[in-house]
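As provided, work.tsv (TSV, C-alpha atoms and all ligand atoms) reads as follows.
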chain	number	residue	atom	x	y	z
A	106	MET	CA	138.23	98.58	69.22
A	107	ASN	CA	138.61	97.66	65.58
A	108	ASP	CA	135.35	96.38	64.13
A	109	ALA	CA	134.43	99.53	62.23
A	110	GLU	CA	131.54	97.98	60.30
A	111	LEU	CA	129.80	96.59	63.40
A	112	TYR	CA	130.42	99.86	65.27
A	113	ASN	CA	128.93	101.78	62.35
A	114	LYS	CA	125.72	99.75	62.67
A	115	SER	CA	125.36	99.76	66.45
A	116	ASN	CA	126.65	103.06	67.93
A	117	ILE	CA	123.36	104.85	68.53
A	118	ILE	CA	124.47	106.30	71.88
A	119	THR	CA	127.40	108.37	70.60
A	120	LYS	CA	125.29	109.72	67.74
A	121	THR	CA	122.49	110.69	70.13
A	122	ASP	CA	124.88	112.39	72.57
A	123	ALA	CA	126.94	114.17	69.90
A	124	LEU	CA	123.69	115.59	68.48
A	125	GLN	CA	122.29	116.63	71.88
A	126	CYS	CA	125.56	118.23	73.05
A	127	LEU	CA	126.05	120.14	69.80
A	128	GLU	CA	122.43	121.32	69.83
A	129	GLU	CA	122.61	122.44	73.45
A	130	TYR	CA	126.18	123.73	73.81
A	131	GLY	CA	127.29	124.18	70.19
A	132	LYS	CA	125.54	127.57	70.02
A	133	ARG	CA	128.33	128.96	72.19
A	134	ILE	CA	130.95	128.23	69.54
A	135	LYS	CA	132.13	131.43	67.86
A	136	TRP	CA	132.62	130.54	64.21
A	137	LYS	CA	135.33	132.54	62.40
A	138	ASN	CA	134.75	134.27	59.10
A	139	GLY	CA	136.83	133.19	56.11
A	140	GLU	CA	137.95	129.64	55.39
A	141	ILE	CA	138.11	127.38	58.41
A	142	THR	CA	139.62	123.96	59.16
A	143	VAL	CA	138.07	121.42	61.53
A	144	LEU	CA	139.47	118.31	63.23
A	145	ASP	CA	137.50	115.46	64.89
A	146	ILE	CA	139.72	113.48	67.28
A	147	GLY	CA	138.96	109.78	67.83
A	148	CYS	CA	136.56	109.86	64.89
A	149	GLY	CA	136.20	106.06	64.81
A	150	ASP	CA	134.19	104.93	61.78
A	151	GLY	CA	133.52	108.56	60.78
A	152	GLY	CA	129.75	108.19	61.28
A	153	VAL	CA	129.52	111.00	63.86
A	154	THR	CA	131.97	113.20	61.93
A	155	MET	CA	129.89	113.04	58.78
A	156	GLY	CA	126.39	112.31	60.05
A	157	ILE	CA	126.28	114.74	62.99
A	158	LEU	CA	129.25	117.11	63.26
A	159	LYS	CA	129.33	118.12	59.57
A	160	LYS	CA	125.76	119.46	59.84
A	161	PHE	CA	126.84	121.91	62.56
A	162	ILE	CA	129.88	123.22	60.70
A	163	PRO	CA	129.31	126.33	58.59
A	164	ASP	CA	129.77	126.33	54.81
A	165	ASN	CA	133.08	128.18	55.03
A	166	CYS	CA	134.78	124.94	56.17
A	167	GLU	CA	137.53	124.31	53.67
A	168	ARG	CA	138.87	121.14	55.29
A	169	LEU	CA	137.30	118.61	57.68
A	170	VAL	CA	139.73	116.00	59.03
A	171	GLY	CA	138.94	113.02	61.22
A	172	CYS	CA	141.74	111.26	63.07
A	173	ASP	CA	141.93	108.05	65.05
A	174	ILE	CA	144.58	105.77	66.54
A	175	SER	CA	143.00	102.75	64.83
A	176	GLU	CA	144.09	102.07	61.24
A	177	ASN	CA	140.98	99.93	60.66
A	178	MET	CA	138.68	102.77	61.68
A	179	VAL	CA	140.52	105.30	59.50
A	180	HIS	CA	140.48	102.94	56.53
A	181	PHE	CA	136.72	102.38	56.94
A	182	ALA	CA	136.02	106.11	57.36
A	183	ASN	CA	138.04	107.05	54.26
A	184	LYS	CA	136.33	104.35	52.18
A	185	GLN	CA	132.88	105.37	53.38
A	186	TYR	CA	133.01	109.15	53.72
A	187	ALA	CA	136.13	110.83	52.22
A	188	ASN	CA	135.58	113.54	49.59
A	189	ASP	CA	137.36	116.65	48.26
A	190	HIS	CA	136.96	118.48	51.59
A	191	THR	CA	136.99	115.57	54.02
A	192	SER	CA	139.66	113.01	54.90
A	193	PHE	CA	140.63	110.72	57.74
A	194	MET	CA	144.12	110.06	59.11
A	195	VAL	CA	145.85	107.94	61.74
A	196	LEU	CA	146.92	110.01	64.74
A	197	ASN	CA	147.50	109.15	68.38
A	198	ILE	CA	146.39	112.20	70.36
A	199	GLU	CA	148.44	110.96	73.32
A	200	GLY	CA	151.63	110.71	71.22
A	201	ASP	CA	154.12	113.09	69.56
A	202	LEU	CA	152.37	115.52	67.21
A	203	PRO	CA	153.70	115.82	63.66
A	204	ASN	CA	155.02	119.40	63.39
A	205	LYS	CA	153.10	120.06	60.19
A	206	LEU	CA	149.79	119.72	62.09
A	207	ARG	CA	150.60	122.26	64.81
A	208	GLY	CA	148.45	125.38	64.74
A	209	THR	CA	146.53	124.22	61.68
A	210	PHE	CA	142.97	123.68	62.97
A	211	ASP	CA	140.52	126.46	63.80
A	212	TYR	CA	138.18	124.04	65.58
A	213	VAL	CA	138.91	120.73	67.30
A	214	PHE	CA	136.06	118.39	68.25
A	215	SER	CA	136.07	115.01	69.95
A	216	PHE	CA	133.20	112.69	70.85
A	217	TYR	CA	133.43	109.66	73.13
A	218	ALA	CA	137.19	109.20	72.76
A	219	LEU	CA	139.17	111.17	75.35
A	220	HIS	CA	138.13	108.95	78.28
A	221	TRP	CA	140.46	106.31	76.83
A	222	ILE	CA	143.45	108.57	77.32
A	223	GLN	CA	145.30	108.03	80.58
A	224	GLN	CA	147.79	110.89	80.06
A	225	GLN	CA	145.09	113.56	79.93
A	226	GLU	CA	147.55	116.49	80.17
A	227	VAL	CA	149.47	115.23	77.12
A	228	ALA	CA	146.29	114.89	75.02
A	229	PHE	CA	144.89	118.28	76.07
A	230	ALA	CA	148.25	120.00	75.46
A	231	ASN	CA	148.29	118.39	72.01
A	232	ILE	CA	144.78	119.70	71.35
A	233	TYR	CA	146.00	123.17	72.35
A	234	ASP	CA	148.97	122.83	69.98
A	235	LEU	CA	146.77	121.66	67.10
A	236	LEU	CA	144.61	124.77	67.36
A	237	SER	CA	145.28	127.99	65.49
A	238	GLU	CA	145.26	131.33	67.34
A	239	ARG	CA	141.82	131.93	68.89
A	240	GLY	CA	140.85	128.42	67.78
A	241	GLU	CA	138.23	126.58	69.83
A	242	CYS	CA	137.80	123.02	71.06
A	243	PHE	CA	134.56	121.22	71.92
A	244	LEU	CA	135.11	117.89	73.67
A	245	VAL	CA	132.61	115.28	74.85
A	246	PHE	CA	133.82	112.27	76.84
A	247	LEU	CA	132.80	109.92	79.64
A	248	ALA	CA	133.49	110.29	83.34
A	249	HIS	CA	131.60	107.12	84.17
A	250	THR	CA	129.52	104.43	82.48
A	251	PRO	CA	128.48	101.02	83.84
A	252	VAL	CA	130.63	99.52	81.06
A	253	PHE	CA	133.69	100.50	83.13
A	254	ASP	CA	132.21	98.71	86.18
A	255	VAL	CA	131.70	95.58	84.07
A	256	TYR	CA	135.35	95.74	82.93
A	257	ARG	CA	136.54	95.98	86.53
A	258	VAL	CA	134.35	93.08	87.72
A	259	LEU	CA	135.39	90.78	84.85
A	260	SER	CA	139.07	91.70	85.21
A	261	ARG	CA	139.00	90.42	88.79
A	262	SER	CA	137.57	87.02	87.81
A	263	THR	CA	139.92	84.04	87.51
A	264	LYS	CA	138.42	83.29	84.11
A	265	TRP	CA	139.12	86.66	82.45
A	266	LYS	CA	141.89	88.37	84.41
A	267	PHE	CA	144.62	87.04	82.07
A	268	TRP	CA	143.08	88.83	79.08
A	269	MET	CA	142.28	92.01	80.99
A	270	LYS	CA	145.59	92.81	82.71
A	271	ASP	CA	145.59	96.34	81.26
A	272	VAL	CA	141.96	97.02	82.25
A	273	GLU	CA	142.61	100.48	83.75
A	274	ARG	CA	143.83	101.70	80.33
A	275	PHE	CA	140.26	101.44	79.09
A	276	ILE	CA	138.53	103.07	82.03
A	277	SER	CA	138.03	106.82	82.29
A	278	PRO	CA	140.60	108.50	84.57
A	279	TYR	CA	137.61	110.45	86.01
A	280	ILE	CA	135.61	107.36	87.07
A	281	ASP	CA	136.20	107.85	90.79
A	282	CYS	CA	136.21	111.64	90.65
A	283	LEU	CA	133.34	113.42	92.43
A	284	GLU	CA	133.70	116.68	90.49
A	285	PRO	CA	135.46	115.81	87.23
A	286	GLU	CA	134.39	119.11	85.68
A	287	LYS	CA	136.57	121.00	88.18
A	288	LYS	CA	139.57	118.79	87.45
A	289	VAL	CA	139.21	119.16	83.66
A	290	LYS	CA	138.71	122.93	83.93
A	291	GLN	CA	141.79	123.31	86.10
A	292	MET	CA	143.88	121.21	83.71
A	293	MET	CA	142.71	123.13	80.62
A	294	THR	CA	143.32	126.49	82.29
A	295	SER	CA	146.83	125.49	83.36
A	296	ILE	CA	147.62	124.42	79.78
A	297	GLY	CA	146.67	127.92	78.60
A	298	PHE	CA	143.10	127.57	77.33
A	299	THR	CA	140.89	130.60	77.88
A	300	SER	CA	137.06	130.88	78.05
A	301	VAL	CA	137.02	127.39	79.55
A	302	GLU	CA	133.58	125.94	80.27
A	303	VAL	CA	133.20	122.39	81.57
A	304	GLU	CA	130.04	120.59	82.64
A	305	CYS	CA	129.39	117.07	83.85
A	306	LEU	CA	125.99	115.81	82.69
A	307	HIS	CA	124.10	112.99	84.40
A	308	LYS	CA	122.42	111.08	81.61
A	309	THR	CA	120.35	107.96	80.97
A	310	PHE	CA	120.25	105.89	77.81
A	311	VAL	CA	117.85	102.99	77.29
A	312	TYR	CA	118.71	100.27	74.81
A	313	PRO	CA	115.34	99.01	73.59
A	314	ASN	CA	116.66	95.48	73.04
A	315	LEU	CA	119.82	93.58	73.79
A	316	ASP	CA	120.76	92.90	70.15
A	317	VAL	CA	121.88	96.49	69.56
A	318	LEU	CA	123.74	96.51	72.86
A	319	LYS	CA	125.41	93.19	71.99
A	320	GLY	CA	126.69	94.71	68.71
A	321	LEU	CA	128.01	97.81	70.46
A	322	VAL	CA	129.68	95.86	73.27
A	323	THR	CA	131.39	93.58	70.74
A	324	SER	CA	132.53	96.43	68.51
A	325	ILE	CA	134.03	98.52	71.34
A	326	ASN	CA	135.56	95.64	73.32
A	327	PRO	CA	139.21	96.73	73.69
A	328	PHE	CA	140.50	93.40	75.06
A	329	GLU	CA	142.28	90.76	72.95
A	330	ILE	CA	139.90	87.92	73.84
A	331	PRO	CA	140.61	84.82	71.67
A	332	LYS	CA	137.94	84.25	69.01
A	333	ASP	CA	136.77	80.93	70.51
A	334	LEU	CA	136.13	82.60	73.89
A	335	GLU	CA	134.30	85.68	72.57
A	336	GLU	CA	130.78	84.26	72.97
A	337	ASP	CA	131.56	83.12	76.52
A	338	PHE	CA	133.00	86.56	77.35
A	339	LEU	CA	129.84	88.22	76.06
A	340	LEU	CA	127.63	85.92	78.20
A	341	ASP	CA	129.63	86.78	81.32
A	342	TYR	CA	129.55	90.47	80.37
A	343	PHE	CA	125.75	90.41	80.18
A	344	ASN	CA	125.53	88.45	83.44
A	345	VAL	CA	127.46	91.23	85.17
A	346	LEU	CA	125.07	93.77	83.61
A	347	ARG	CA	122.22	91.78	85.17
A	348	ASP	CA	123.97	91.68	88.55
A	349	LEU	CA	124.39	95.46	88.35
A	350	ARG	CA	120.66	95.74	87.53
A	351	ILE	CA	121.41	97.43	84.21
A	352	ILE	CA	119.52	94.65	82.48
A	353	ASP	CA	116.25	93.30	83.82
A	354	HIS	CA	117.20	90.47	86.20
A	355	ALA	CA	114.46	88.18	84.89
A	356	SER	CA	116.01	87.97	81.43
A	357	SER	CA	118.47	85.13	80.99
A	358	ASN	CA	118.80	85.30	77.22
A	359	VAL	CA	121.33	87.63	75.55
A	360	ASP	CA	119.19	87.80	72.42
A	361	GLY	CA	115.94	88.49	74.25
A	362	PRO	CA	113.77	91.62	73.87
A	363	THR	CA	114.65	92.97	77.33
A	364	LYS	CA	115.80	96.58	77.59
A	365	ALA	CA	118.97	97.83	79.27
A	366	THR	CA	119.13	101.14	81.14
A	367	PHE	CA	122.48	102.89	81.41
A	368	ASN	CA	122.97	105.80	83.80
A	369	TYR	CA	126.23	107.57	83.04
A	370	ARG	CA	128.15	110.83	83.47
A	371	LEU	CA	129.30	112.74	80.41
A	372	ILE	CA	131.76	115.63	80.40
A	373	VAL	CA	131.31	118.48	77.92
A	374	ALA	CA	134.35	120.77	77.75
A	375	LYS	CA	134.94	123.91	75.69
A	376	GLY	CA	137.97	126.17	75.52
A	377	ARG	CA	139.83	128.59	73.29
A	378	LYS	CA	143.48	129.01	72.42
A	379	ALA	CA	144.71	132.37	73.59
A	380	LEU	CA	146.00	135.10	71.29
A	381	ILE	CA	149.75	134.77	70.82
A	382	PHE	CA	151.49	138.13	71.29
B	401	LIG	C1	133.89	105.01	71.19
B	401	LIG	S1	134.82	105.48	69.78
B	401	LIG	C2	134.06	107.01	69.33
B	401	LIG	C3	134.07	107.21	67.85
B	401	LIG	C4	133.33	108.44	67.35
B	401	LIG	N1	133.93	109.67	67.81
B	401	LIG	C5	131.87	108.40	67.76
B	401	LIG	O1	131.45	109.31	68.51
B	401	LIG	O2	131.16	107.49	67.37
B	401	LIG	C6	136.38	106.00	70.46
B	401	LIG	C7	137.48	106.14	69.39
B	401	LIG	O3	138.62	106.75	69.99
B	401	LIG	C8	139.77	106.18	69.38
B	401	LIG	N2	140.95	106.42	70.22
B	401	LIG	C9	141.27	105.79	71.38
B	401	LIG	N3	142.47	106.23	71.83
B	401	LIG	C10	142.88	107.17	70.93
B	401	LIG	C11	144.06	107.97	70.85
B	401	LIG	N4	145.02	107.89	71.77
B	401	LIG	N5	144.20	108.82	69.79
B	401	LIG	C12	143.22	108.89	68.84
B	401	LIG	N6	142.09	108.14	68.87
B	401	LIG	C13	141.92	107.29	69.91
B	401	LIG	C14	139.40	104.71	69.23
B	401	LIG	O4	140.21	104.03	68.29
B	401	LIG	C15	137.94	104.80	68.81
B	401	LIG	O5	137.78	104.76	67.44
Transcribe the structure of this file into structure tokens.
Amino acid sequence: MNDAELYNKSNIITKTDALQCLEEYGKRIKWKNGEITVLDIGCGDGGVTMGILKKFIPDNCERLVGCDISENMVHFANKQYANDHTSFMVLNIEGDLPNKLRGTFDYVFSFYALHWIQQQEVAFANIYDLLSERGECFLVFLAHTPVFDVYRVLSRSTKWKFWMKDVERFISPYIDCLEPEKKVKQMMTSIGFTSVEVECLHKTFVYPNLDVLKGLVTSINPFEIPKDLEEDFLLDYFNVLRDLRIIDHASSNVDGPTKATFNYRLIVAKGRKALIF
């Protein structure tokens, strides 16, 4: 996922969900007095960090940092949104944490990123380590979306399996889980988080036309499909969406005005770092 500009233009779903989740569950966040620092993990192009999250953060925020594993995304976000209080940096939340970042953030947020992490315990332990004492995290990520079903179907086809050998890396580890909220809560509690609240929301998002969806699908495609096969891949992708009845079966044209209806499950998780005695 590297096309920051295209993602910036087409990611209406993450903006909508970040806004709804913050409006509905953000009230439970206990904001500290005094200067605070905030981190947004998997910030991508920075659009949600600056366009949605920033509006919910109180004025006493001294430093807002976005981080992402993708250098392209971080470069785009810095160019577009960095200012005296806001910056973006490359960080793999599933990797080794730089010591200087430990315990330095009062609030850690993440939207639509953690479902790409296979070693969930490592990422959540890193989030715990990034937080300051009594710091809070607010995390929104997917348990299931039809996009994962499309990946699995295409990865089994003779035509695409070569390019999609690592397909499971890009599918939520909770896809086949009946009660992902219980699993996430248990994991967070065992790491040491307190006041843990986890919910799994059943949501629907309707793309009014396939152009927007085409842009989003292209910008988030994690597979290294050769340039000359990209159009063909997209056609097959949309054909699977039709087979799954996500797109109206009657439509045979990718650029047509037909809508696409996605039913998906979204996890919202909140927790606090305990007091260190
Ligand atoms: C779908 S985008 C979401 C971007 C943004 N948060 C939003 O809501 O629009 C997921 C982002 O997670 C990033 N990501 C994936 N794995 C990551 C990791 N291990 N560490 C940090 N970021 C990661 C990707 O590079 C991508 O930019």
Subject >> Atomic separation - CA of Tyr212 (chain A) relative to CA of Tyr130 (chain A), Å >> reply: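 Those two atoms sit 14.6 Å apart.
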**OP:** Have a look at A:Ser324, A:Asn314, A:Asn188, A:Gln291 and name the one nearest to ligand LIG 401 (chain B); count only C-alpha atoms and all ligand atoms.
**Re:** A:Ser324
**OP:** Rank nothing, just name the residue among A:Lys266, A:His249, A:Lys205, A:Arg274 nearest to ligand LIG 401 (chain B), using only C-alpha atoms and all ligand atoms.
**Re:**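 Smallest distance to ligand LIG 401 (chain B) is found for A:Arg274.
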Using only C-alpha atoms and all ligand atoms, tabulate the residues of chain A lying at most 6 Å from any atom of ligand LIG 401 (chain B), each with its closest atom pair and that distance in Å to one decimal, by chain and increasing residue number, as a Markdown table.
| residue | atom | partner | partner_atom | distance |
| --- | --- | --- | --- | --- |
| A:Met106 | CA | B:LIG401 | O4 | 5.9 |
| A:Thr119 | CA | B:LIG401 | O1 | 4.7 |
| A:Ile146 | CA | B:LIG401 | C12 | 6.0 |
| A:Gly147 | CA | B:LIG401 | N6 | 3.7 |
| A:Cys148 | CA | B:LIG401 | N1 | 3.9 |
| A:Gly149 | CA | B:LIG401 | O5 | 3.3 |
| A:Val153 | CA | B:LIG401 | O2 | 5.2 |
| A:Asp173 | CA | B:LIG401 | N6 | 3.8 |
| A:Ile174 | CA | B:LIG401 | C12 | 4.1 |
| A:Ser175 | CA | B:LIG401 | O4 | 4.6 |
| A:Leu196 | CA | B:LIG401 | C12 | 5.6 |
| A:Asn197 | CA | B:LIG401 | N5 | 3.6 |
| A:Ile198 | CA | B:LIG401 | N5 | 4.1 |
| A:Glu199 | CA | B:LIG401 | N4 | 4.9 |
| A:Phe216 | CA | B:LIG401 | N1 | 4.3 |
| A:Tyr217 | CA | B:LIG401 | C2 | 4.7 |
| A:Ala218 | CA | B:LIG401 | O3 | 4.0 |
| A:Trp221 | CA | B:LIG401 | N3 | 5.4 |
| A:Ile222 | CA | B:LIG401 | N4 | 5.8 |
Print the selection's residues with C-alpha atoms to a file, as a compact mmCIF listing (two decimals), in the coordinates of the input.
# COMPACT_ATOMS: atom_id res chain seq x y z
CA MET A 106 138.23 98.58 69.22
CA THR A 119 127.40 108.37 70.60
CA ILE A 146 139.72 113.48 67.28
CA GLY A 147 138.96 109.78 67.83
CA CYS A 148 136.56 109.86 64.89
CA GLY A 149 136.20 106.06 64.81
CA VAL A 153 129.52 111.00 63.86
CA ASP A 173 141.93 108.05 65.05
CA ILE A 174 144.58 105.77 66.54
CA SER A 175 143.00 102.75 64.83
CA LEU A 196 146.92 110.01 64.74
CA ASN A 197 147.50 109.15 68.38
CA ILE A 198 146.39 112.20 70.36
CA GLU A 199 148.44 110.96 73.32
CA PHE A 216 133.20 112.69 70.85
CA TYR A 217 133.43 109.66 73.13
CA ALA A 218 137.19 109.20 72.76
CA TRP A 221 140.46 106.31 76.83
CA ILE A 222 143.45 108.57 77.32
Original post:
Between A:Pro251, A:Phe193, A:Asp145, A:Asn326, which is the closest to Arg347 (chain A) once you count only C-alpha atoms?
Top reply: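 Once distances to Arg347 (chain A) are computed over only C-alpha atoms, the minimum belongs to A:Pro251.
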Could you give me, as a Markdown table, a per-residue list for region 209-252 of chain A showing, wherever an atom lies at most 12 Å from an atom of region 134-142 of chain A, the closest pair of atoms and their distance in Å to one decimal, using only C-alpha atoms and sorting by chain then residue number from low to high?
| residue | atom | partner | partner_atom | distance |
| --- | --- | --- | --- | --- |
| A:Thr209 | CA | A:Thr142 | CA | 7.4 |
| A:Phe210 | CA | A:Thr142 | CA | 5.1 |
| A:Asp211 | CA | A:Thr142 | CA | 5.3 |
| A:Tyr212 | CA | A:Thr142 | CA | 6.6 |
| A:Val213 | CA | A:Thr142 | CA | 8.8 |
| A:Phe214 | CA | A:Ile134 | CA | 11.2 |
| A:Leu235 | CA | A:Thr142 | CA | 10.9 |
| A:Leu236 | CA | A:Thr142 | CA | 9.6 |
| A:Ser237 | CA | A:Thr142 | CA | 9.4 |
| A:Glu238 | CA | A:Lys137 | CA | 11.2 |
| A:Arg239 | CA | A:Lys137 | CA | 9.2 |
| A:Gly240 | CA | A:Lys137 | CA | 8.7 |
| A:Glu241 | CA | A:Ile134 | CA | 7.5 |
| A:Cys242 | CA | A:Ile134 | CA | 8.7 |
| A:Phe243 | CA | A:Ile134 | CA | 8.2 |
| A:Leu244 | CA | A:Ile134 | CA | 11.9 |
**OP:** Select, from A:Ile157, A:Ile351, A:Met178, A:Leu371, the residue with the minimum atom-to-atom distance to Ser277 (chain A), counting only C-alpha atoms.
**Re:**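 Among the listed residues, the smallest separation from Ser277 (chain A) belongs to A:Leu371.
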Subject >> Selection near Val317 (chain A), 9 Å with all atoms listed in the file, sequence-local residues under 6 positions removed, as a list in words >> reply: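 After dropping sequence-adjacent residues, the list is Lys114, Ser115, Asn116 and Ile117 of chain A.
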Original post:
Ala182 (chain A): which residues within 10 Å, counting all atoms listed in the file, same-chain residues fewer than 3 positions away excluded, as a PyMOL selection string?
Top reply: chain A and resi 109-110+113+148-152+154-155+171-173+176-179+185-187+192-194
Generate the output file for the selected residues, C-alpha atoms, as a compact mmCIF listing (two decimals), keeping the file's coordinate frame.
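Printed below is out35.txt as written:
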# COMPACT_ATOMS: atom_id res chain seq x y z
CA ALA A 109 134.43 99.53 62.23
CA GLU A 110 131.54 97.98 60.30
CA ASN A 113 128.93 101.78 62.35
CA CYS A 148 136.56 109.86 64.89
CA GLY A 149 136.20 106.06 64.81
CA ASP A 150 134.19 104.93 61.78
CA GLY A 151 133.52 108.56 60.78
CA GLY A 152 129.75 108.19 61.28
CA THR A 154 131.97 113.20 61.93
CA MET A 155 129.89 113.04 58.78
CA GLY A 171 138.94 113.02 61.22
CA CYS A 172 141.74 111.26 63.07
CA ASP A 173 141.93 108.05 65.05
CA GLU A 176 144.09 102.07 61.24
CA ASN A 177 140.98 99.93 60.66
CA MET A 178 138.68 102.77 61.68
CA VAL A 179 140.52 105.30 59.50
CA GLN A 185 132.88 105.37 53.38
CA TYR A 186 133.01 109.15 53.72
CA ALA A 187 136.13 110.83 52.22
CA SER A 192 139.66 113.01 54.90
CA PHE A 193 140.63 110.72 57.74
CA MET A 194 144.12 110.06 59.11
Original post:
Between CA of Gly320 (chain A) and CA of Arg370 (chain A), what is the distance, to one decimal in Å?
Top reply: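 CA of Gly320 (chain A) sits 21.9 Å away from CA of Arg370 (chain A).
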Original post:
With all atoms listed in the file as the basis for distance, which of A:Glu286, A:Asp254, A:Asp281, A:Glu329 is at the shortest distance from Leu349 (chain A)?
Top reply: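 Distance minimum relative to Leu349 (chain A) lands on A:Asp254.
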